[in-house]
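**Student:** Data file start_35.cif (mmCIF, C-alpha atoms) is appended below.
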data_work
#
loop_
_atom_site.label_atom_id
_atom_site.label_comp_id
_atom_site.auth_asym_id
_atom_site.auth_seq_id
_atom_site.Cartn_x
_atom_site.Cartn_y
_atom_site.Cartn_z
CA MET A 149 0.00 0.00 0.00
CA ASN A 150 1.46 3.35 -1.02
CA VAL A 151 1.18 6.72 0.77
CA PRO A 152 -1.68 8.15 -1.35
CA ASN A 153 -3.79 5.04 -0.74
CA LEU A 154 -2.98 5.17 2.98
CA LEU A 155 -4.15 8.80 3.08
CA SER A 156 -7.41 7.76 1.40
CA LEU A 157 -7.89 5.06 4.05
CA ILE A 158 -7.31 7.64 6.78
CA ARG A 159 -10.03 9.79 5.20
CA LEU A 160 -12.38 6.82 5.22
CA LEU A 161 -11.70 6.33 8.94
CA LEU A 162 -12.35 10.03 9.63
CA VAL A 163 -15.96 9.78 8.38
CA PRO A 164 -17.47 8.17 11.51
CA VAL A 165 -15.28 10.38 13.71
CA PHE A 166 -16.65 13.46 11.94
CA VAL A 167 -20.29 12.38 12.39
CA THR A 168 -19.75 11.55 16.07
CA VAL A 169 -18.13 14.92 16.76
CA PHE A 170 -20.68 16.86 14.69
CA PHE A 171 -23.56 15.60 16.82
CA SER A 172 -21.72 15.65 20.14
CA ALA A 173 -22.84 17.89 23.00
CA ASN A 174 -19.44 19.58 23.11
CA PRO A 175 -19.93 23.36 22.77
CA ASN A 176 -17.00 23.42 20.32
CA SER A 177 -18.28 20.49 18.24
CA GLY A 178 -18.78 22.69 15.16
CA TYR A 179 -15.18 23.86 15.20
CA ILE A 180 -13.83 20.38 15.91
CA ALA A 181 -15.99 18.83 13.17
CA ALA A 182 -14.84 21.58 10.78
CA ALA A 183 -11.22 20.80 11.68
CA ILE A 184 -11.78 17.09 10.96
CA PHE A 185 -13.43 18.00 7.66
CA LEU A 186 -10.48 20.27 6.81
CA VAL A 187 -7.97 17.50 7.63
CA ALA A 188 -9.89 15.17 5.32
CA PHE A 189 -9.82 17.78 2.55
CA LEU A 190 -6.09 18.42 3.02
CA THR A 191 -5.28 14.69 2.93
CA ASP A 192 -7.25 14.51 -0.31
CA VAL A 193 -5.14 17.29 -1.79
CA ALA A 194 -1.96 15.66 -0.46
CA ASP A 195 -2.74 12.20 -1.79
CA GLY A 196 -3.56 13.56 -5.24
CA TYR A 197 -0.38 15.61 -5.33
CA ILE A 198 1.82 12.75 -4.12
CA ALA A 199 0.22 10.23 -6.48
CA ARG A 200 0.76 12.45 -9.51
CA LYS A 201 4.19 13.80 -8.60
CA TYR A 202 5.69 10.40 -7.79
CA ASN A 203 3.67 8.40 -10.33
CA LEU A 204 1.90 6.43 -7.59
CA ILE A 205 -1.49 6.37 -9.30
CA THR A 206 -3.03 2.93 -8.89
CA LYS A 207 -6.33 1.31 -9.77
CA LEU A 208 -6.99 0.89 -6.04
CA GLY A 209 -6.29 4.59 -5.50
CA ARG A 210 -8.69 5.57 -8.28
CA ILE A 211 -11.38 3.71 -6.36
CA LEU A 212 -10.38 4.56 -2.75
CA ASP A 213 -9.81 8.27 -3.31
CA PRO A 214 -13.23 9.14 -4.74
CA LEU A 215 -14.91 6.73 -2.29
CA ALA A 216 -13.32 8.50 0.68
CA ASP A 217 -14.18 11.90 -0.80
CA LYS A 218 -17.79 10.97 -1.50
CA LEU A 219 -18.36 9.41 1.91
CA MET A 220 -16.92 12.39 3.80
CA LYS A 221 -18.85 14.85 1.65
CA ALA A 222 -22.04 12.80 2.00
CA ALA A 223 -21.65 12.49 5.76
CA ALA A 224 -21.13 16.24 6.16
CA VAL A 225 -24.01 17.18 3.86
CA VAL A 226 -26.38 14.72 5.56
CA CYS A 227 -25.35 16.08 8.98
CA LEU A 228 -26.04 19.63 7.78
CA THR A 229 -29.40 18.54 6.36
CA ILE A 230 -30.39 16.91 9.64
CA ARG A 231 -29.40 20.13 11.41
CA GLY A 232 -31.64 22.03 8.95
CA ASP A 233 -28.95 23.93 7.04
CA ILE A 234 -29.55 22.31 3.64
CA PRO A 235 -32.91 21.44 2.01
CA LEU A 236 -33.51 17.72 1.50
CA TRP A 237 -34.06 18.10 -2.27
CA ILE A 238 -30.43 19.20 -2.67
CA ILE A 239 -29.30 15.97 -1.05
CA LEU A 240 -31.54 14.00 -3.42
CA VAL A 241 -30.05 15.70 -6.50
CA LEU A 242 -26.51 15.11 -5.22
CA LEU A 243 -27.36 11.49 -4.44
CA ALA A 244 -28.81 10.94 -7.93
CA LYS A 245 -25.67 12.42 -9.49
CA GLU A 246 -23.44 10.20 -7.34
CA LEU A 247 -25.48 7.08 -8.18
CA ILE A 248 -25.13 7.88 -11.88
CA MET A 249 -21.37 8.31 -11.43
CA LEU A 250 -21.15 5.06 -9.45
CA SER A 251 -23.14 3.17 -12.06
CA GLY A 252 -21.04 4.57 -14.88
CA GLY A 253 -17.84 3.75 -13.00
CA ALA A 254 -19.06 0.18 -12.43
CA VAL A 255 -19.77 -0.22 -16.16
CA LEU A 256 -16.32 1.10 -17.07
CA LEU A 257 -14.67 -1.09 -14.45
CA LYS A 258 -16.49 -4.18 -15.76
CA LYS A 259 -15.88 -3.50 -19.44
CA MET A 260 -12.41 -1.94 -19.29
CA ARG A 261 -11.15 -3.02 -15.85
CA ASP A 262 -10.40 0.63 -15.14
CA VAL A 263 -12.07 3.96 -14.43
CA PRO A 264 -10.98 7.39 -15.67
CA SER A 265 -9.62 9.89 -13.19
CA SER A 266 -11.71 12.90 -12.22
CA ASN A 267 -12.07 15.91 -14.51
CA TRP A 268 -11.48 19.62 -13.97
CA PHE A 269 -15.17 20.37 -13.34
CA GLY A 270 -15.23 17.54 -10.80
CA LYS A 271 -12.26 19.06 -8.98
CA CYS A 272 -13.92 22.51 -9.02
CA ALA A 273 -17.20 21.08 -7.74
CA GLU A 274 -15.41 19.18 -5.00
CA GLY A 275 -13.43 22.24 -3.93
CA TYR A 276 -16.49 24.47 -3.95
CA ILE A 277 -18.63 21.98 -2.02
CA CYS A 278 -15.84 21.38 0.49
CA ALA A 279 -15.44 25.12 1.11
CA LEU A 280 -19.20 25.65 1.37
CA THR A 281 -19.63 22.65 3.67
CA PHE A 282 -16.73 23.78 5.85
CA LEU A 283 -18.33 27.22 6.23
CA LEU A 284 -21.74 25.77 7.03
CA ILE A 285 -20.27 23.44 9.66
CA MET A 286 -18.69 26.38 11.46
CA LEU A 287 -21.13 29.22 10.76
CA HIS A 288 -24.88 29.59 10.61
CA ILE A 289 -25.49 31.11 7.18
CA PRO A 290 -29.02 32.41 6.43
CA PRO A 291 -31.09 29.73 4.63
CA GLN A 292 -31.69 31.91 1.54
CA VAL A 293 -27.97 32.51 1.08
CA SER A 294 -27.20 28.85 1.69
CA LEU A 295 -29.78 27.82 -0.92
CA VAL A 296 -28.24 30.05 -3.59
CA LEU A 297 -24.75 28.77 -2.78
CA TRP A 298 -25.96 25.15 -2.99
CA CYS A 299 -27.68 25.79 -6.34
CA VAL A 300 -24.31 26.96 -7.70
CA ALA A 301 -22.76 23.76 -6.32
CA LEU A 302 -25.39 21.65 -8.07
CA LEU A 303 -24.74 23.42 -11.37
CA ILE A 304 -21.01 22.72 -11.14
CA GLU A 305 -21.69 19.10 -10.13
CA LEU A 306 -23.98 18.58 -13.13
CA LEU A 307 -21.38 20.08 -15.47
CA ALA A 308 -18.83 17.65 -14.04
CA LEU A 309 -21.23 14.77 -14.64
CA ALA A 310 -21.75 15.85 -18.26
CA VAL A 311 -18.00 16.07 -18.91
CA TYR A 312 -17.40 12.70 -17.22
CA THR A 313 -20.21 11.08 -19.24
CA VAL A 314 -18.85 12.34 -22.56
CA ARG A 315 -15.38 11.10 -21.61
CA ALA A 316 -16.69 7.70 -20.47
CA VAL A 317 -18.65 7.17 -23.70
CA LYS A 318 -15.53 8.07 -25.71
CA LEU A 319 -13.39 5.62 -23.70
CA LEU A 320 -15.95 2.84 -24.15
CA ARG A 321 -16.05 3.44 -27.92
CA GLU A 322 -12.25 3.41 -28.13
CA HIS A 323 -12.12 0.24 -26.03
CA LYS A 324 -14.74 -1.46 -28.21
CA GLU A 325 -12.93 -0.43 -31.42
CA GLY A 326 -9.64 -1.67 -29.99
CA LYS A 327 -11.12 -5.15 -29.51
CA LYS A 328 -12.15 -5.48 -33.17
#
If you convert what's in this file into structure tokens, what do you get?
**Tutor:**
Amino acid sequence: MNVPNLLSLIRLLLVPVFVTVFFSANPNSGYIAAAIFLVAFLTDVADGYIARKYNLITKLGRILDPLADKLMKAAAVVCLTIRGDIPLWIILVLLAKELIMLSGGAVLLKKMRDVPSSNWFGKCAEGYICALTFLLIMLHIPPQVSLVLWCVALLIELLALAVYTVRAVKLLREHKEGKK
């Protein structure tokens, strides 16, 4: 197991810690949960940098990294929804997008034994959602402002899905043509 994959595993282990802290009675739970979320985000940045710089990109890493990211993001967004900071319909749209991505990734993995790495829009969406989530964990933003900020997040997420879908279809065509 290489360092980037180890960092992804650490992020996976931070998910239940985050949820426990978020809902704890500690008066500083918001700040502590935000710190845990920030550590998870920074390990994501670190593992991506290390994997690319030292050519440590692996098939396992291309599965673990997004899994850890999605689970931490999902845990934080669900916690914020339970607390009343995010409308439920936003969670449902994000969940639908993630299920589409998961299904597409499963098809690519089955047919090509690989999945493509994330795209630029995906990175932007992830960064934006992480920053927005971090702020909402720590601060109580008015619901109207939060709603507008989440609608922007959804737009970026849907653009990322469109780019990923076009790329996946192209890879499947190339793979199919390569078998002929």
**Student:** One decimal, in Å: what's the spacing between atom CA of Val311 of chain A and atom CA of Lys324 of chain A?
**Tutor:**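 That distance, rounded to one decimal, is 20.1 Å.
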**Student:** Would you write out, as CSV, a table of all residues in segment 189-289 of chain A that have an atom no more than 8 Å from an atom of segment 316-321 of chain A, listing for each the closest atom pair and the distance in Å to one decimal, considering all atoms listed in the file and ordering rows by chain and rising residue number?
**Tutor:**
residue,atom,partner,partner_atom,distance
A:Gly252,CA,A:Ala316,CA,7.7
A:Leu256,CA,A:Leu320,CA,7.3
A:Lys259,CA,A:Leu320,CA,7.9
A:Met260,CA,A:Leu320,CA,7.7
A:Pro264,CA,A:Ala316,CA,7.5
**Student:** At a cut-off of 10 Å, can you tabulate as a tab-separated table every residue of segment 231-289 of chain A near segment 194-208 of chain A together with its closest atom pair and the distance in Å to one decimal, using only C-alpha atoms and ordering rows by chain then number?
**Tutor:**
residue	atom	partner	partner_atom	distance
A:Leu257	CA	A:Lys207	CA	9.9
A:Arg261	CA	A:Lys207	CA	8.9
A:Asp262	CA	A:Lys207	CA	6.8
A:Val263	CA	A:Lys207	CA	7.9
A:Pro264	CA	A:Lys207	CA	9.7
A:Ser265	CA	A:Ile205	CA	9.7
**Student:** Residues near Leu215 of chain A, anyone? I mean within 10 Å using only C-alpha atoms, not counting same-chain ones fewer than 6 positions away, as a ChimeraX atom specification.
**Tutor:** /A:156-157,159-160,209,221,250
**Student:** Hey, what comes out of the PyMOL selection byres ((chain A and resi 307) around 12) on this file? Could you write it as a ChimeraX atom specification?
**Tutor:** /A:245,267-273,300-306,308-314
**Student:** Just want the 8 Å neighbourhood of segment 228-231 of chain A, counted on all atoms listed in the file, with same-chain residues fewer than 4 positions away dropped. Output as number ranges by chain.
**Tutor:** A: 224, 235-236, 239, 284-285
**Student:** Residues of the last selection are to be written out with C-alpha atoms, as a compact mmCIF listing (two decimals), keeping the file's coordinate frame.
**Tutor:**
# COMPACT_ATOMS: atom_id res chain seq x y z
CA ALA A 224 -21.13 16.24 6.16
CA PRO A 235 -32.91 21.44 2.01
CA LEU A 236 -33.51 17.72 1.50
CA ILE A 239 -29.30 15.97 -1.05
CA LEU A 284 -21.74 25.77 7.03
CA ILE A 285 -20.27 23.44 9.66
**Student:** Report, in Å to a single decimal, how far apart atom CA of Asn153 of chain A and atom CA of Val167 of chain A are.
**Tutor:**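 Taking atom CA of Val167 of chain A as the start and atom CA of Asn153 of chain A as the end point, the length is 22.3 Å.
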**Student:** Determine the residue set returned by the PyMOL selection byres ((chain A and resi 169-173) around 12) for the present structure, and present it as a PyMOL selection string.
**Tutor:** chain A and resi 162-168+174-185+223-228+230-231+282+284-286
**Student:** Could you give me, as an MDAnalysis selection string, the residues within 12 Å of Val293 of chain A, counting only C-alpha atoms and dropping anything in the same chain fewer than 3 positions from it?
**Tutor:** chainID A and resid 233:234 280 284 288:290 296:300
**Student:** Closest to Glu246 of chain A among A:Asn150, A:Lys218, A:Lys258, A:Glu325, using all atoms listed in the file?
**Tutor:** A:Lys218
**Student:** Do you have the atom CA of Leu283 of chain A-atom CA of Leu247 of chain A distance handy?
**Tutor:**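 Pair atom CA of Leu283 of chain A / atom CA of Leu247 of chain A returns 25.8 Å.
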**Student:** Take every atom of segment 222-225 of chain A listed in the file, fit an axis-aligned box around them, add 3 Å per side, and give the centre and edge lengths in Å to one decimal as JSON.
**Tutor:**
{"center_x": -22.6, "center_y": 14.8, "center_z": 4.1, "size_x": 8.9, "size_y": 10.7, "size_z": 10.2}
**Student:** Could you check which of A:Val241, A:Ile211, A:Leu219, A:Ile158 is closest to Leu190 of chain A, using all atoms listed in the file?
**Tutor:**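 Comparing A:Val241, A:Ile211, A:Leu219, A:Ile158 against Leu190 of chain A, the winner is A:Ile158.
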